[in-house]
>>> print(open('input_30.txt').read())   # compact mmCIF, C-alpha atoms
# COMPACT_ATOMS: atom_id res chain seq x y z
CA MET A 1 118.42 -7.82 -72.74
CA THR A 2 119.35 -6.60 -69.25
CA THR A 3 117.84 -8.51 -66.34
CA THR A 4 117.39 -6.62 -63.07
CA LEU A 5 116.31 -7.57 -59.56
CA ILE A 6 114.91 -4.91 -57.26
CA THR A 7 114.28 -5.71 -53.60
CA GLY A 8 111.29 -4.07 -51.93
CA ALA A 9 109.76 -3.40 -55.34
CA ASN A 10 106.09 -3.64 -54.44
CA LYS A 11 105.82 0.04 -53.49
CA GLY A 12 107.57 3.39 -53.21
CA LEU A 13 110.99 3.90 -54.74
CA GLY A 14 111.34 0.23 -55.63
CA PHE A 15 108.09 0.23 -57.60
CA GLU A 16 108.93 3.45 -59.45
CA THR A 17 112.44 2.21 -60.22
CA ALA A 18 111.00 -1.00 -61.63
CA ARG A 19 108.54 0.95 -63.76
CA ARG A 20 111.26 3.16 -65.20
CA LEU A 21 113.69 0.32 -65.90
CA ILE A 22 111.01 -1.74 -67.63
CA GLU A 23 110.27 1.34 -69.71
CA ALA A 24 113.99 1.44 -70.56
CA GLY A 25 113.90 -2.16 -71.76
CA HIS A 26 115.02 -4.13 -68.72
CA THR A 27 113.48 -7.43 -67.70
CA VAL A 28 112.71 -6.73 -64.06
CA TYR A 29 112.20 -9.11 -61.16
CA ALA A 30 110.12 -7.35 -58.53
CA GLY A 31 111.24 -8.73 -55.18
CA SER A 32 108.79 -8.55 -52.29
CA ARG A 33 108.51 -10.33 -48.95
CA ASP A 34 104.70 -10.16 -49.18
CA ALA A 35 103.62 -12.53 -51.96
CA GLY A 36 100.18 -10.98 -52.46
CA ARG A 37 101.40 -7.41 -52.72
CA GLY A 38 104.40 -8.47 -54.74
CA ARG A 39 102.36 -10.32 -57.36
CA LEU A 40 99.91 -7.45 -57.65
CA ALA A 41 102.74 -4.96 -58.10
CA ALA A 42 104.44 -7.18 -60.69
CA GLU A 43 101.19 -7.48 -62.64
CA ARG A 44 100.75 -3.72 -62.64
CA LEU A 45 104.33 -3.20 -63.75
CA GLY A 46 104.66 -5.97 -66.30
CA ALA A 47 107.49 -7.36 -64.16
CA ARG A 48 108.32 -10.87 -62.98
CA PHE A 49 107.49 -11.50 -59.34
CA VAL A 50 109.92 -13.24 -57.02
CA ARG A 51 109.25 -13.67 -53.32
CA LEU A 52 112.26 -12.30 -51.48
CA ASP A 53 112.52 -11.44 -47.80
CA VAL A 54 115.97 -9.89 -47.34
CA THR A 55 116.01 -10.99 -43.68
CA ASP A 56 115.53 -14.69 -44.49
CA ASP A 57 118.32 -16.90 -45.85
CA ASP A 58 116.00 -19.51 -47.36
CA SER A 59 113.90 -16.88 -49.13
CA VAL A 60 116.94 -15.23 -50.66
CA ALA A 61 118.48 -18.56 -51.70
CA ALA A 62 115.22 -19.65 -53.35
CA ALA A 63 114.98 -16.35 -55.24
CA ALA A 64 118.55 -16.76 -56.50
CA LYS A 65 117.79 -20.29 -57.72
CA THR A 66 114.67 -19.08 -59.53
CA ILE A 67 116.45 -16.23 -61.29
CA GLU A 68 119.42 -18.43 -62.16
CA ALA A 69 117.12 -21.04 -63.69
CA GLU A 70 115.39 -18.38 -65.77
CA GLY A 71 118.57 -16.97 -67.28
CA GLY A 72 120.66 -15.05 -64.76
CA LEU A 73 121.08 -11.49 -63.54
CA ASP A 74 122.84 -8.31 -64.69
CA VAL A 75 121.71 -5.64 -62.24
CA LEU A 76 120.90 -5.83 -58.53
CA VAL A 77 119.16 -2.93 -56.80
CA ASN A 78 119.30 -3.30 -53.01
CA ASN A 79 116.35 -1.07 -52.24
CA ALA A 80 114.50 -2.75 -49.35
CA GLY A 81 114.86 -0.76 -46.14
CA ILE A 82 113.14 0.16 -42.90
CA GLU A 83 113.20 2.96 -40.34
CA GLU A 84 111.96 2.13 -36.85
CA ARG A 85 109.62 4.79 -35.46
CA THR A 86 107.66 5.51 -32.29
CA PRO A 87 103.97 4.48 -32.16
CA ASP A 88 102.95 8.03 -33.09
CA GLY A 89 105.34 8.12 -36.05
CA GLY A 90 108.17 10.05 -34.47
CA VAL A 91 111.88 9.46 -34.97
CA ILE A 92 113.54 7.42 -32.21
CA GLY A 93 116.35 9.53 -30.78
CA PRO A 94 119.44 8.69 -28.71
CA ALA A 95 117.60 8.64 -25.37
CA ASP A 96 115.21 5.94 -26.54
CA VAL A 97 117.13 3.85 -29.05
CA THR A 98 117.85 0.33 -27.87
CA ALA A 99 120.06 -2.51 -29.02
CA ASP A 100 116.94 -4.33 -30.23
CA ILE A 101 115.93 -1.37 -32.38
CA MET A 102 119.42 -1.18 -33.82
CA ARG A 103 119.44 -4.93 -34.45
CA THR A 104 116.08 -4.88 -36.25
CA THR A 105 117.13 -1.96 -38.44
CA PHE A 106 120.49 -3.51 -39.31
CA GLU A 107 118.87 -6.86 -40.08
CA THR A 108 117.07 -5.35 -43.06
CA ASN A 109 119.20 -2.37 -44.04
CA VAL A 110 122.67 -3.87 -43.62
CA PHE A 111 122.59 -7.65 -43.22
CA GLY A 112 119.88 -7.80 -45.88
CA VAL A 113 122.15 -6.04 -48.37
CA VAL A 114 124.97 -8.46 -47.63
CA ARG A 115 122.67 -11.50 -47.67
CA VAL A 116 121.19 -10.64 -51.06
CA THR A 117 124.47 -9.50 -52.59
CA HIS A 118 126.26 -12.67 -51.46
CA ALA A 119 123.52 -14.89 -52.90
CA PHE A 120 123.49 -13.16 -56.28
CA LEU A 121 127.22 -12.57 -56.72
CA PRO A 122 127.70 -15.84 -58.67
CA LEU A 123 125.02 -14.75 -61.16
CA LEU A 124 126.33 -11.20 -61.44
CA ARG A 125 129.88 -12.42 -62.03
CA ARG A 126 128.63 -14.28 -65.11
CA SER A 127 127.11 -11.11 -66.55
CA ALA A 128 128.94 -9.14 -69.23
CA ALA A 129 128.06 -5.86 -67.48
CA PRO A 130 127.21 -6.44 -63.81
CA VAL A 131 125.87 -3.56 -61.72
CA ILE A 132 124.87 -3.23 -58.06
CA VAL A 133 123.01 -0.18 -56.74
CA ASN A 134 122.73 0.14 -52.97
CA VAL A 135 120.07 2.61 -51.87
CA SER A 136 121.67 4.70 -49.15
CA SER A 137 120.71 8.09 -47.69
CA GLY A 138 122.09 11.56 -47.18
CA LEU A 139 121.90 10.70 -43.49
CA ALA A 140 124.72 8.21 -44.07
CA SER A 141 127.20 11.04 -44.62
CA LEU A 142 129.20 11.87 -41.49
CA THR A 143 130.14 15.16 -43.13
CA MET A 144 126.56 16.16 -43.80
CA VAL A 145 125.21 15.01 -40.43
CA THR A 146 127.85 17.11 -38.65
CA THR A 147 127.27 20.27 -40.70
CA PRO A 148 125.24 22.70 -38.52
CA ASN A 149 122.08 24.38 -39.79
CA THR A 150 121.24 21.63 -42.28
CA PRO A 151 118.35 19.15 -42.35
CA THR A 152 120.76 16.24 -41.92
CA TYR A 153 122.30 17.84 -38.83
CA ALA A 154 118.82 18.32 -37.34
CA TYR A 155 117.79 14.67 -37.79
CA PRO A 156 117.83 13.08 -34.30
CA GLY A 157 117.69 9.37 -35.14
CA VAL A 158 120.47 6.86 -34.56
CA ALA A 159 119.61 3.46 -36.07
CA TYR A 160 118.68 4.48 -39.60
CA PRO A 161 121.66 6.75 -40.38
CA ALA A 162 124.06 4.29 -38.76
CA SER A 163 122.69 1.51 -40.94
CA LYS A 164 123.08 3.57 -44.09
CA SER A 165 126.64 4.55 -43.16
CA ALA A 166 127.32 0.83 -42.95
CA VAL A 167 125.79 0.39 -46.41
CA ASN A 168 128.24 2.99 -47.74
CA MET A 169 131.20 1.07 -46.31
CA ILE A 170 129.86 -2.20 -47.71
CA THR A 171 129.55 -0.54 -51.11
CA VAL A 172 133.16 0.66 -51.10
CA GLN A 173 134.56 -2.69 -49.99
CA TYR A 174 132.61 -4.68 -52.57
CA ALA A 175 133.59 -2.21 -55.30
CA LYS A 176 137.28 -2.68 -54.47
CA ALA A 177 136.90 -6.46 -54.37
CA PHE A 178 135.10 -6.69 -57.72
CA PRO A 179 136.58 -4.06 -60.05
CA GLY A 180 134.80 -5.57 -63.04
CA MET A 181 131.43 -4.58 -61.54
CA ARG A 182 129.91 -1.14 -61.13
CA ILE A 183 128.88 -0.97 -57.46
CA ASN A 184 127.60 2.32 -56.09
CA ALA A 185 125.58 3.82 -53.23
CA VAL A 186 122.87 6.33 -54.05
CA GLU A 187 120.99 8.98 -52.10
CA PRO A 188 117.46 9.35 -53.53
CA GLY A 189 116.68 12.44 -51.46
CA TYR A 190 113.92 13.04 -48.94
CA THR A 191 111.16 11.21 -50.78
CA ALA A 192 107.57 10.82 -49.58
CA THR A 193 107.21 7.06 -48.92
CA ASP A 194 105.83 4.77 -46.23
CA LEU A 195 109.33 4.68 -44.72
CA ASN A 196 109.02 8.26 -43.46
CA MET A 197 105.24 8.35 -42.99
CA ARG A 198 104.91 10.25 -46.30
CA THR A 199 106.67 13.30 -44.84
CA GLY A 200 109.25 13.52 -47.65
CA THR A 201 109.44 16.67 -49.72
CA GLN A 202 109.81 15.07 -53.16
CA THR A 203 107.93 12.49 -55.20
CA VAL A 204 108.98 8.92 -55.93
CA VAL A 205 109.50 9.96 -59.54
CA GLU A 206 112.12 12.45 -58.38
CA GLY A 207 113.61 10.06 -55.85
CA ALA A 208 113.98 7.18 -58.27
CA GLU A 209 115.93 9.25 -60.78
CA ILE A 210 119.40 8.53 -59.37
CA ILE A 211 118.61 4.85 -58.75
CA VAL A 212 117.50 4.41 -62.36
CA ARG A 213 120.51 6.32 -63.65
CA MET A 214 123.02 4.23 -61.70
CA ALA A 215 121.26 0.98 -62.57
CA GLN A 216 122.06 1.77 -66.20
CA VAL A 217 125.68 2.82 -65.70
CA GLY A 218 128.08 1.46 -68.29
CA ALA A 219 131.35 -0.43 -67.87
CA ASP A 220 133.23 2.89 -68.00
CA GLY A 221 131.04 4.43 -65.32
CA PRO A 222 131.87 5.10 -61.67
CA THR A 223 132.20 2.42 -59.02
CA GLY A 224 132.62 2.71 -55.27
CA ALA A 225 130.85 6.07 -55.42
CA TYR A 226 128.27 7.74 -53.19
CA VAL A 227 126.05 9.99 -55.29
CA ASP A 228 122.78 11.83 -55.56
CA VAL A 229 121.10 13.32 -58.59
CA SER A 230 123.48 16.30 -58.53
CA GLY A 231 126.75 14.41 -58.19
CA THR A 232 129.20 12.99 -55.66
CA LEU A 233 128.43 13.31 -51.95
CA PRO A 234 130.93 13.65 -49.08
CA TRP A 235 131.40 10.56 -46.94
>>> encode(input="input_30.txt", output="structure tokens")
Amino acid sequence: MTTTLITGANKGLGFETARRLIEAGHTVYAGSRDAGRGRLAAERLGARFVRLDVTDDDSVAAAAKTIEAEGGLDVLVNNAGIEERTPDGGVIGPADVTADIMRTTFETNVFGVVRVTHAFLPLLRRSAAPVIVNVSSGLASLTMVTTPNTPTYAYPGVAYPASKSAVNMITVQYAKAFPGMRINAVEPGYTATDLNMRTGTQTVVEGAEIIVRMAQVGADGPTGAYVDVSGTLPW
């Protein structure tokens, strides 16, 4: 039996990923910083709830102790993420981005990935087939963001794409350090979720496809890769 932890699993891509992996036979821990929403989501999914705020050391450490006591972990999906927006829902561009906005975004999207990964590495290293999936974005690609006449080129924000580029680098460095694990970054696509005020052009079912696929990658599968549903993406 494969045991999987998904951060930010109470809604959106995390919820759909949990649903699909449970359907595939995984035992899933649905991580959520909000206990009420997290428990409700876990009940709906048939998952195990674990309170986990990726920005809080004590919360992450407690979650790791709980999962260790209940048998360990095989797959970690670092899904929790935020995108800071203006009060009217707009993207914060270069003229208005501040160090505080960058810091808040990186606290969840980057430091949260490292905090959770560090805490669960001892459990994953005991697994026979450890996997880490880091949810990235097409906006993390320097190549794509600098290609004129594309949606990624047109995106004006700073904090979110910078944070996801950092996630890509983290993914590569961890993959090199732990060759026995499968550690990859995935681009779900522009999915309609609360993160983007439901402006995405595809459903969570479509967006979760690559996350689910890479969560089930075998020992002979790729590692240190950056992929979407169609294949490898340019850095």
>>> closest_residue(input="input_30.txt", among="A:Ile82, A:Ile92, A:Leu52, A:Val204", to="Val110 in chain A", atoms="all atoms listed in the file")
A:Ile82
>>> closest_residue(input="input_30.txt", among="A:Val77, A:Leu124, A:Val217, A:Ile132", to="Leu13 in chain A", atoms="all atoms listed in the file")
A:Val77
>>> residues_around(input="input_30.txt", residues="range 54-71 of chain A", least_positions_apart="4", cutoff="9 Å", atoms="all atoms listed in the file", output="list in words")
Thr3, Leu5, Thr7, Gly8, Tyr29, Gly31, Ser32, Arg33, Val50, Ala80, Glu107, Thr108, Asn109, Phe111, Gly112, Val113, Arg115, Val116, Ala119, Phe120 and Leu123 of chain A
>>> closest_residue(input="input_30.txt", among="A:Ser137, A:Thr86, A:Thr4, A:Thr223", to="Thr27 in chain A", atoms="all atoms listed in the file")
A:Thr4
>>> atom_distance(input="input_30.txt", atom1="CA of Ile101 in chain A", atom2="CA of Gly157 in chain A")
11.2 Å
>>> atom_distance(input="input_30.txt", atom1="CA of Gly93 in chain A", atom2="CA of Pro161 in chain A")
11.3 Å
>>> closest_residue(input="input_30.txt", among="A:Leu233, A:Ala177, A:Met144, A:Val135", to="Ser163 in chain A", atoms="only C-alpha atoms")
A:Val135
>>> axis_aligned_box(input="input_30.txt", around="range 23-35 of chain A", padding_each_side="6 Å", output="AutoDock Vina command-line options")
--center_x 109.3 --center_y -5.5 --center_z -60.4 --size_x 23.4 --size_y 26.0 --size_z 34.8
>>> residues_around(input="input_30.txt", residues="range 38-41 of chain A", least_positions_apart="6", cutoff="8 Å", atoms="only C-alpha atoms", output="list in words")
Ala9, Asn10, Lys11, Phe15, Ala30, Gly31, Ser32, Phe49, Val50 and Arg51 of chain A
>>> write_last_selection(input="input_30.txt", atoms="C-alpha atoms", output="short mmCIF file (atom, residue, chain, number, x, y, z; two decimals), keeping the file's coordinate frame")
data_model
loop_
_atom_site.label_atom_id
_atom_site.label_comp_id
_atom_site.auth_asym_id
_atom_site.auth_seq_id
_atom_site.Cartn_x
_atom_site.Cartn_y
_atom_site.Cartn_z
CA ALA A 9 109.76 -3.40 -55.34
CA ASN A 10 106.09 -3.64 -54.44
CA LYS A 11 105.82 0.04 -53.49
CA PHE A 15 108.09 0.23 -57.60
CA ALA A 30 110.12 -7.35 -58.53
CA GLY A 31 111.24 -8.73 -55.18
CA SER A 32 108.79 -8.55 -52.29
CA PHE A 49 107.49 -11.50 -59.34
CA VAL A 50 109.92 -13.24 -57.02
CA ARG A 51 109.25 -13.67 -53.32
#
>>> closest_residue(input="input_30.txt", among="A:Gly138, A:Ala162, A:Gly180, A:His26", to="Val229 in chain A", atoms="only C-alpha atoms")
A:Gly138
>>> atom_distance(input="input_30.txt", atom1="CA of Glu83 in chain A", atom2="CA of Ala35 in chain A")
21.6 Å
>>> closest_residue(input="input_30.txt", among="A:Gly36, A:Gly72, A:Gly224, A:Gly81", to="Lys164 in chain A", atoms="only C-alpha atoms")
A:Gly81
>>> residues_around(input="input_30.txt", residues="Arg213 in chain A", least_positions_apart="5", cutoff="12 Å", atoms="all atoms listed in the file", output="mmCIF file with C-alpha atoms, in the frame of the given file")
data_model
loop_
_atom_site.group_PDB
_atom_site.id
_atom_site.type_symbol
_atom_site.label_atom_id
_atom_site.label_comp_id
_atom_site.auth_asym_id
_atom_site.auth_seq_id
_atom_site.Cartn_x
_atom_site.Cartn_y
_atom_site.Cartn_z
ATOM 1 C CA THR A 17 112.440 2.210 -60.220
ATOM 2 C CA ARG A 20 111.260 3.160 -65.200
ATOM 3 C CA LEU A 21 113.690 0.320 -65.900
ATOM 4 C CA ALA A 24 113.990 1.440 -70.560
ATOM 5 C CA VAL A 77 119.160 -2.930 -56.800
ATOM 6 C CA VAL A 131 125.870 -3.560 -61.720
ATOM 7 C CA ILE A 132 124.870 -3.230 -58.060
ATOM 8 C CA VAL A 133 123.010 -0.180 -56.740
ATOM 9 C CA ASN A 184 127.600 2.320 -56.090
ATOM 10 C CA ALA A 185 125.580 3.820 -53.230
ATOM 11 C CA VAL A 186 122.870 6.330 -54.050
ATOM 12 C CA GLU A 187 120.990 8.980 -52.100
ATOM 13 C CA PRO A 188 117.460 9.350 -53.530
ATOM 14 C CA GLU A 206 112.120 12.450 -58.380
ATOM 15 C CA GLY A 207 113.610 10.060 -55.850
ATOM 16 C CA ALA A 208 113.980 7.180 -58.270
ATOM 17 C CA GLY A 218 128.080 1.460 -68.290
ATOM 18 C CA GLY A 221 131.040 4.430 -65.320
ATOM 19 C CA PRO A 222 131.870 5.100 -61.670
ATOM 20 C CA VAL A 227 126.050 9.990 -55.290
ATOM 21 C CA ASP A 228 122.780 11.830 -55.560
ATOM 22 C CA VAL A 229 121.100 13.320 -58.590
ATOM 23 C CA SER A 230 123.480 16.300 -58.530
ATOM 24 C CA GLY A 231 126.750 14.410 -58.190
#
>>> build_atoms(input="input_30.txt", residues="range 109-125 of chain A", atoms="N, CA, C and O atoms", output="PDB file, in the coordinates of the input")
ATOM      1  N   ASN A 109     118.458  -3.377 -43.281  1.00  0.00           N
ATOM      2  CA  ASN A 109     119.200  -2.370 -44.040  1.00  0.00           C
ATOM      3  C   ASN A 109     120.652  -2.741 -44.329  1.00  0.00           C
ATOM      4  O   ASN A 109     121.222  -2.271 -45.321  1.00  0.00           O
ATOM      5  N   VAL A 110     121.252  -3.533 -43.461  1.00  0.00           N
ATOM      6  CA  VAL A 110     122.670  -3.870 -43.620  1.00  0.00           C
ATOM      7  C   VAL A 110     122.852  -5.357 -43.924  1.00  0.00           C
ATOM      8  O   VAL A 110     123.365  -5.725 -44.979  1.00  0.00           O
ATOM      9  N   PHE A 111     122.418  -6.215 -43.009  1.00  0.00           N
ATOM     10  CA  PHE A 111     122.590  -7.650 -43.220  1.00  0.00           C
ATOM     11  C   PHE A 111     121.805  -8.115 -44.442  1.00  0.00           C
ATOM     12  O   PHE A 111     122.226  -9.025 -45.155  1.00  0.00           O
ATOM     13  N   GLY A 112     120.663  -7.462 -44.693  1.00  0.00           N
ATOM     14  CA  GLY A 112     119.880  -7.800 -45.880  1.00  0.00           C
ATOM     15  C   GLY A 112     120.636  -7.505 -47.156  1.00  0.00           C
ATOM     16  O   GLY A 112     120.590  -8.288 -48.108  1.00  0.00           O
ATOM     17  N   VAL A 113     121.343  -6.377 -47.195  1.00  0.00           N
ATOM     18  CA  VAL A 113     122.150  -6.040 -48.370  1.00  0.00           C
ATOM     19  C   VAL A 113     123.244  -7.081 -48.587  1.00  0.00           C
ATOM     20  O   VAL A 113     123.470  -7.540 -49.705  1.00  0.00           O
ATOM     21  N   VAL A 114     123.909  -7.459 -47.506  1.00  0.00           N
ATOM     22  CA  VAL A 114     124.970  -8.460 -47.630  1.00  0.00           C
ATOM     23  C   VAL A 114     124.401  -9.816 -48.012  1.00  0.00           C
ATOM     24  O   VAL A 114     124.951 -10.518 -48.877  1.00  0.00           O
ATOM     25  N   ARG A 115     123.284 -10.188 -47.388  1.00  0.00           N
ATOM     26  CA  ARG A 115     122.670 -11.500 -47.670  1.00  0.00           C
ATOM     27  C   ARG A 115     122.286 -11.615 -49.151  1.00  0.00           C
ATOM     28  O   ARG A 115     122.581 -12.615 -49.812  1.00  0.00           O
ATOM     29  N   VAL A 116     121.634 -10.603 -49.664  1.00  0.00           N
ATOM     30  CA  VAL A 116     121.190 -10.640 -51.060  1.00  0.00           C
ATOM     31  C   VAL A 116     122.387 -10.547 -52.010  1.00  0.00           C
ATOM     32  O   VAL A 116     122.472 -11.294 -52.992  1.00  0.00           O
ATOM     33  N   THR A 117     123.304  -9.647 -51.724  1.00  0.00           N
ATOM     34  CA  THR A 117     124.470  -9.500 -52.590  1.00  0.00           C
ATOM     35  C   THR A 117     125.276 -10.798 -52.652  1.00  0.00           C
ATOM     36  O   THR A 117     125.677 -11.245 -53.730  1.00  0.00           O
ATOM     37  N   HIS A 118     125.505 -11.407 -51.507  1.00  0.00           N
ATOM     38  CA  HIS A 118     126.260 -12.670 -51.460  1.00  0.00           C
ATOM     39  C   HIS A 118     125.576 -13.750 -52.288  1.00  0.00           C
ATOM     40  O   HIS A 118     126.236 -14.485 -53.044  1.00  0.00           O
ATOM     41  N   ALA A 119     124.263 -13.848 -52.182  1.00  0.00           N
ATOM     42  CA  ALA A 119     123.520 -14.890 -52.900  1.00  0.00           C
ATOM     43  C   ALA A 119     123.554 -14.688 -54.402  1.00  0.00           C
ATOM     44  O   ALA A 119     123.570 -15.667 -55.166  1.00  0.00           O
ATOM     45  N   PHE A 120     123.567 -13.433 -54.839  1.00  0.00           N
ATOM     46  CA  PHE A 120     123.490 -13.160 -56.280  1.00  0.00           C
ATOM     47  C   PHE A 120     124.838 -12.864 -56.924  1.00  0.00           C
ATOM     48  O   PHE A 120     124.910 -12.710 -58.151  1.00  0.00           O
ATOM     49  N   LEU A 121     125.892 -12.813 -56.147  1.00  0.00           N
ATOM     50  CA  LEU A 121     127.220 -12.570 -56.720  1.00  0.00           C
ATOM     51  C   LEU A 121     127.583 -13.588 -57.810  1.00  0.00           C
ATOM     52  O   LEU A 121     128.116 -13.185 -58.863  1.00  0.00           O
ATOM     53  N   PRO A 122     127.343 -14.890 -57.602  1.00  0.00           N
ATOM     54  CA  PRO A 122     127.700 -15.840 -58.670  1.00  0.00           C
ATOM     55  C   PRO A 122     126.997 -15.530 -59.996  1.00  0.00           C
ATOM     56  O   PRO A 122     127.597 -15.689 -61.066  1.00  0.00           O
ATOM     57  N   LEU A 123     125.753 -15.084 -59.933  1.00  0.00           N
ATOM     58  CA  LEU A 123     125.020 -14.750 -61.160  1.00  0.00           C
ATOM     59  C   LEU A 123     125.575 -13.471 -61.767  1.00  0.00           C
ATOM     60  O   LEU A 123     125.780 -13.384 -62.981  1.00  0.00           O
ATOM     61  N   LEU A 124     125.821 -12.470 -60.941  1.00  0.00           N
ATOM     62  CA  LEU A 124     126.330 -11.200 -61.440  1.00  0.00           C
ATOM     63  C   LEU A 124     127.718 -11.361 -62.071  1.00  0.00           C
ATOM     64  O   LEU A 124     128.035 -10.716 -63.067  1.00  0.00           O
ATOM     65  N   ARG A 125     128.526 -12.236 -61.509  1.00  0.00           N
ATOM     66  CA  ARG A 125     129.880 -12.420 -62.030  1.00  0.00           C
ATOM     67  C   ARG A 125     129.878 -13.104 -63.408  1.00  0.00           C
ATOM     68  O   ARG A 125     130.878 -13.057 -64.123  1.00  0.00           O
TER      69      ARG A 125
END
